[in-house]
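In what follows, a structure is listed as structure tokens, so that the remarks can point back to it.
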Amino acid sequence: MDPRESQQVGRLERELGVRLFDRTSRRVQLTADGMRMLDEARSVLAAADNATAVAAGLSGRPADVIRVGTAPGLDRRLRHALDALRRDEPGLTIEIDYRPTADQLEALRRGTLDLCLVRGVPSSPGLDTIELWRTPVHVALPAGHPAAAGQDGVRLEQLAGLPARLPVHGCDSLLLDVVLGACRSAGFEPLPGRSAGAVEHTLIEVGSGPATWAALYADLLPDEPVAGVAVRPLDPALTVPGSVVVAASAAPGHVHRLVGVLDEHSDRLA
């Protein structure tokens, strides 16, 4: 069974509630139920693809185009998934859309986007949300601060005496709520500092003083270190969920196959 068929059956496994694969660390093989479903699955998916192509032709949109909404930091995850999908569907193209999550979800409902990668697990009528990964939250603090010594994780209570650079409400409410909740669980309310801005600018300001700390998504951190700044994971670890969202009425086809690739490789796509 080729990778495309594996992705298709994997999706059916979720939708039907039937275990179709036996998975081990070395191989993936169909169960007896999976073997019985395979021929039927091929027929159904082929018919669905044909219907998708016909519908796309009626709407004037090419059938081999996926319109994807995404968020900063998720591009590499999306690129790796598309590379895996294109190995089986080389003619596939993608149109990427950046806008606030609420606007992306509305575009999904209107049918002007096909799929969204978002942080969090939004719930919205008419949409299906699948949580696929967790993104670690790291802290940036002055390199000379005692909590930055070594490479071990930083405990939030070690930062209680420093002003916190946190997102403003409405900018990244998910990160703000997660960090505030973690600080309160650690027994303190973070000292208010200047609001966080773009990651690069926030890191420069943390490194240049006065002493502050910032919470940042690990997948948004630059590859090169910033002078005067130490970036450390948290102990205990703090993560935020990541999800794929599609319209509940979306027909099987390229979009569902892309969801399958993201699902199957979510631990490796970063």
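Just so we're on the same page: first chain in the structure tokens is A, next is B, and so on; residues restart at 1 for each chain, and ligands are numbered from 1 in the order they show up.
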Quick one: residues within 12 Å of segment 101-103 of chain A, only C-alpha atoms counted, chain neighbours fewer than 4 positions away excluded, as a PDB file with N, CA, C and O atoms, in the first residue's frame?
```
ATOM      1  N   VAL A  68      -5.118  27.811   2.149  1.00  0.00           N
ATOM      2  CA  VAL A  68      -4.789  27.517   3.543  1.00  0.00           C
ATOM      3  C   VAL A  68      -4.565  28.808   4.324  1.00  0.00           C
ATOM      4  O   VAL A  68      -3.786  29.667   3.908  1.00  0.00           O
ATOM      5  N   GLY A  69      -5.226  28.907   5.462  1.00  0.00           N
ATOM      6  CA  GLY A  69      -4.938  29.969   6.406  1.00  0.00           C
ATOM      7  C   GLY A  69      -3.960  29.463   7.448  1.00  0.00           C
ATOM      8  O   GLY A  69      -4.051  28.306   7.873  1.00  0.00           O
ATOM      9  N   THR A  70      -3.018  30.295   7.848  1.00  0.00           N
ATOM     10  CA  THR A  70      -2.025  29.851   8.819  1.00  0.00           C
ATOM     11  C   THR A  70      -1.623  31.011   9.711  1.00  0.00           C
ATOM     12  O   THR A  70      -2.079  32.141   9.531  1.00  0.00           O
ATOM     13  N   ALA A  71      -0.761  30.719  10.675  1.00  0.00           N
ATOM     14  CA  ALA A  71      -0.337  31.707  11.661  1.00  0.00           C
ATOM     15  C   ALA A  71       1.182  31.767  11.686  1.00  0.00           C
ATOM     16  O   ALA A  71       1.856  30.819  11.269  1.00  0.00           O
ATOM     17  N   PRO A  72       1.762  32.872  12.164  1.00  0.00           N
ATOM     18  CA  PRO A  72       3.221  32.958  12.256  1.00  0.00           C
ATOM     19  C   PRO A  72       3.801  31.790  13.049  1.00  0.00           C
ATOM     20  O   PRO A  72       3.262  31.379  14.071  1.00  0.00           O
ATOM     21  N   ASP A  97      -2.910  32.192   3.189  1.00  0.00           N
ATOM     22  CA  ASP A  97      -3.609  33.384   3.663  1.00  0.00           C
ATOM     23  C   ASP A  97      -3.222  33.667   5.112  1.00  0.00           C
ATOM     24  O   ASP A  97      -3.255  32.763   5.945  1.00  0.00           O
ATOM     25  N   ALA A 107     -13.787  32.722   7.107  1.00  0.00           N
ATOM     26  CA  ALA A 107     -13.504  32.411   5.699  1.00  0.00           C
ATOM     27  C   ALA A 107     -13.753  30.927   5.412  1.00  0.00           C
ATOM     28  O   ALA A 107     -14.217  30.567   4.326  1.00  0.00           O
ATOM     29  N   LEU A 108     -13.442  30.057   6.381  1.00  0.00           N
ATOM     30  CA  LEU A 108     -13.755  28.630   6.216  1.00  0.00           C
ATOM     31  C   LEU A 108     -15.260  28.424   6.051  1.00  0.00           C
ATOM     32  O   LEU A 108     -15.708  27.662   5.188  1.00  0.00           O
ATOM     33  N   ARG A 109     -16.028  29.091   6.890  1.00  0.00           N
ATOM     34  CA  ARG A 109     -17.489  28.929   6.801  1.00  0.00           C
ATOM     35  C   ARG A 109     -18.026  29.447   5.472  1.00  0.00           C
ATOM     36  O   ARG A 109     -18.975  28.893   4.918  1.00  0.00           O
ATOM     37  N   ARG A 110     -17.428  30.514   4.949  1.00  0.00           N
ATOM     38  CA  ARG A 110     -17.885  31.078   3.667  1.00  0.00           C
ATOM     39  C   ARG A 110     -17.397  30.266   2.482  1.00  0.00           C
ATOM     40  O   ARG A 110     -17.877  30.441   1.362  1.00  0.00           O
ATOM     41  N   THR A 112     -14.193  30.414   1.370  1.00  0.00           N
ATOM     42  CA  THR A 112     -13.088  31.086   0.688  1.00  0.00           C
ATOM     43  C   THR A 112     -11.732  30.605   1.189  1.00  0.00           C
ATOM     44  O   THR A 112     -10.697  30.994   0.653  1.00  0.00           O
ATOM     45  N   LEU A 113     -11.706  29.778   2.229  1.00  0.00           N
ATOM     46  CA  LEU A 113     -10.524  29.032   2.636  1.00  0.00           C
ATOM     47  C   LEU A 113     -10.921  27.560   2.758  1.00  0.00           C
ATOM     48  O   LEU A 113     -12.086  27.250   3.045  1.00  0.00           O
ATOM     49  N   LEU A 115      -8.740  25.194   4.554  1.00  0.00           N
ATOM     50  CA  LEU A 115      -8.138  24.584   5.738  1.00  0.00           C
ATOM     51  C   LEU A 115      -7.369  25.673   6.488  1.00  0.00           C
ATOM     52  O   LEU A 115      -6.823  26.580   5.870  1.00  0.00           O
ATOM     53  N   CYS A 116      -7.338  25.562   7.813  1.00  0.00           N
ATOM     54  CA  CYS A 116      -6.576  26.513   8.622  1.00  0.00           C
ATOM     55  C   CYS A 116      -5.704  25.770   9.627  1.00  0.00           C
ATOM     56  O   CYS A 116      -6.140  24.778  10.215  1.00  0.00           O
ATOM     57  N   LEU A 117      -4.474  26.250   9.811  1.00  0.00           N
ATOM     58  CA  LEU A 117      -3.610  25.818  10.904  1.00  0.00           C
ATOM     59  C   LEU A 117      -3.628  26.932  11.938  1.00  0.00           C
ATOM     60  O   LEU A 117      -3.312  28.089  11.625  1.00  0.00           O
ATOM     61  N   VAL A 118      -4.017  26.603  13.154  1.00  0.00           N
ATOM     62  CA  VAL A 118      -4.183  27.621  14.180  1.00  0.00           C
ATOM     63  C   VAL A 118      -3.572  27.155  15.496  1.00  0.00           C
ATOM     64  O   VAL A 118      -3.373  25.961  15.730  1.00  0.00           O
ATOM     65  N   ARG A 119      -3.269  28.099  16.347  1.00  0.00           N
ATOM     66  CA  ARG A 119      -2.905  27.780  17.716  1.00  0.00           C
ATOM     67  C   ARG A 119      -4.190  27.737  18.536  1.00  0.00           C
ATOM     68  O   ARG A 119      -5.099  28.533  18.333  1.00  0.00           O
ATOM     69  N   GLY A 120      -4.236  26.810  19.475  1.00  0.00           N
ATOM     70  CA  GLY A 120      -5.454  26.639  20.253  1.00  0.00           C
ATOM     71  C   GLY A 120      -6.357  25.595  19.633  1.00  0.00           C
ATOM     72  O   GLY A 120      -6.033  24.961  18.613  1.00  0.00           O
ATOM     73  N   VAL A 121      -7.511  25.420  20.234  1.00  0.00           N
ATOM     74  CA  VAL A 121      -8.496  24.452  19.746  1.00  0.00           C
ATOM     75  C   VAL A 121      -9.840  25.169  19.669  1.00  0.00           C
ATOM     76  O   VAL A 121     -10.707  25.004  20.534  1.00  0.00           O
ATOM     77  N   PRO A 122     -10.027  26.005  18.657  1.00  0.00           N
ATOM     78  CA  PRO A 122     -11.264  26.777  18.574  1.00  0.00           C
ATOM     79  C   PRO A 122     -12.468  25.892  18.300  1.00  0.00           C
ATOM     80  O   PRO A 122     -12.377  24.893  17.591  1.00  0.00           O
ATOM     81  N   SER A 123     -13.581  26.259  18.888  1.00  0.00           N
ATOM     82  CA  SER A 123     -14.845  25.561  18.652  1.00  0.00           C
ATOM     83  C   SER A 123     -15.789  26.529  17.960  1.00  0.00           C
ATOM     84  O   SER A 123     -16.005  27.641  18.436  1.00  0.00           O
ATOM     85  N   SER A 124     -16.313  26.100  16.821  1.00  0.00           N
ATOM     86  CA  SER A 124     -17.169  26.998  16.057  1.00  0.00           C
ATOM     87  C   SER A 124     -18.160  26.173  15.250  1.00  0.00           C
ATOM     88  O   SER A 124     -17.796  25.146  14.672  1.00  0.00           O
ATOM     89  N   GLY A 170      -6.253  40.585  23.041  1.00  0.00           N
ATOM     90  CA  GLY A 170      -6.690  40.704  21.661  1.00  0.00           C
ATOM     91  C   GLY A 170      -5.574  40.488  20.656  1.00  0.00           C
ATOM     92  O   GLY A 170      -5.844  40.275  19.482  1.00  0.00           O
ATOM     93  N   CYS A 171      -4.312  40.540  21.102  1.00  0.00           N
ATOM     94  CA  CYS A 171      -3.191  40.298  20.200  1.00  0.00           C
ATOM     95  C   CYS A 171      -2.855  38.808  20.170  1.00  0.00           C
ATOM     96  O   CYS A 171      -2.798  38.205  19.105  1.00  0.00           O
ATOM     97  N   ASP A 172      -2.622  38.212  21.330  1.00  0.00           N
ATOM     98  CA  ASP A 172      -2.427  36.769  21.446  1.00  0.00           C
ATOM     99  C   ASP A 172      -3.020  36.341  22.780  1.00  0.00           C
ATOM    100  O   ASP A 172      -2.304  36.055  23.733  1.00  0.00           O
ATOM    101  N   SER A 173      -4.333  36.311  22.828  1.00  0.00           N
ATOM    102  CA  SER A 173      -5.026  36.002  24.081  1.00  0.00           C
ATOM    103  C   SER A 173      -4.722  34.598  24.572  1.00  0.00           C
ATOM    104  O   SER A 173      -4.706  34.339  25.777  1.00  0.00           O
ATOM    105  N   LEU A 174      -4.467  33.672  23.643  1.00  0.00           N
ATOM    106  CA  LEU A 174      -4.162  32.300  24.036  1.00  0.00           C
ATOM    107  C   LEU A 174      -2.884  32.258  24.865  1.00  0.00           C
ATOM    108  O   LEU A 174      -2.862  31.703  25.973  1.00  0.00           O
ATOM    109  N   SER A 243      -3.869  23.145  16.065  1.00  0.00           N
ATOM    110  CA  SER A 243      -4.980  22.412  15.452  1.00  0.00           C
ATOM    111  C   SER A 243      -5.086  22.702  13.960  1.00  0.00           C
ATOM    112  O   SER A 243      -4.625  23.730  13.468  1.00  0.00           O
ATOM    113  N   VAL A 244      -5.723  21.760  13.281  1.00  0.00           N
ATOM    114  CA  VAL A 244      -6.170  21.955  11.905  1.00  0.00           C
ATOM    115  C   VAL A 244      -7.689  22.096  11.944  1.00  0.00           C
ATOM    116  O   VAL A 244      -8.373  21.338  12.642  1.00  0.00           O
ATOM    117  N   VAL A 245      -8.198  23.062  11.210  1.00  0.00           N
ATOM    118  CA  VAL A 245      -9.646  23.303  11.161  1.00  0.00           C
ATOM    119  C   VAL A 245     -10.105  23.238   9.713  1.00  0.00           C
ATOM    120  O   VAL A 245      -9.471  23.833   8.827  1.00  0.00           O
TER     121      VAL A 245
END
```
Fewer than 5 positions away in the same chain doesn't count, so skip those; otherwise give me all residues within 9 Å of segment 247-249 of chain A, counting only C-alpha atoms, as a list in words.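 Listed by chain and then number, they are Leu105, Leu108, Arg109, Gly111, Asp114, Leu115, Pro125, Gly126, Leu127, Asp128 and Thr129 of chain A.
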Taken to one decimal, the atom CA of Leu166 of chain A-atom CA of Trp213 of chain A distance is 8.7 Å
Between atom CA of Asp263 of chain A and atom CA of Leu132 of chain A, what distance in Å does the model show, to one decimal? 6.0 Å
Enumerate as a PyMOL selection string all residues of segment 94-213 of chain A assigned to alpha helix (DSSP H) by DSSP on the backbone, naming them with the chain letters and numbers the document uses. chain A and resi 101-110+173-185+199-208
Compile the contact shell of segment 231-237 of chain A as a PyMOL selection string: residues with an atom at most 9 Å away, counting only C-alpha atoms, same-chain residues fewer than 2 positions apart removed. chain A and resi 136-143+148+151-156+218+221+225+229+239
Find the distance between atom CA of Ser266 of chain A and atom CA of Asp33 of chain A and write it in Å to one decimal.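 Atom CA of Ser266 of chain A sits 25.2 Å away from atom CA of Asp33 of chain A.
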Counting only C-alpha atoms, what is within 10 Å of Asp219 of chain A, bar same-chain residues fewer than 3 positions away, as JSON, numbers by chain? {"A": [72, 73, 74, 75, 76, 77, 135, 136, 137, 138, 216, 222, 223, 270]}
So which bits of segment 59-213 of chain A end up strand (DSSP E or B) when you DSSP the backbone, as a PyMOL selection string? chain A and resi 65-70+93-98+115-119+127-142+154+163-165+191-192+213
Near segment 190-207 of chain A, counting only C-alpha atoms, which residues have an atom at most 7 Å away, once you skip same-chain residues fewer than 3 positions from it, shown as a list in words? Leu141, Pro142, Ala160, Leu162, Pro163, Ala164, Arg165, Leu166, Pro167, Val168, Cys183, Ala211, Thr212, Trp213, Val226, Ala227, Gly228 and Val229 of chain A
Do you know which residues are at most 7 Å from segment 81-93 of chain A counting only C-alpha atoms, after dropping those on the same chain fewer than 4 positions away, and could you put them as number ranges by chain? A: 4, 64-66, 77, 258, 261-262
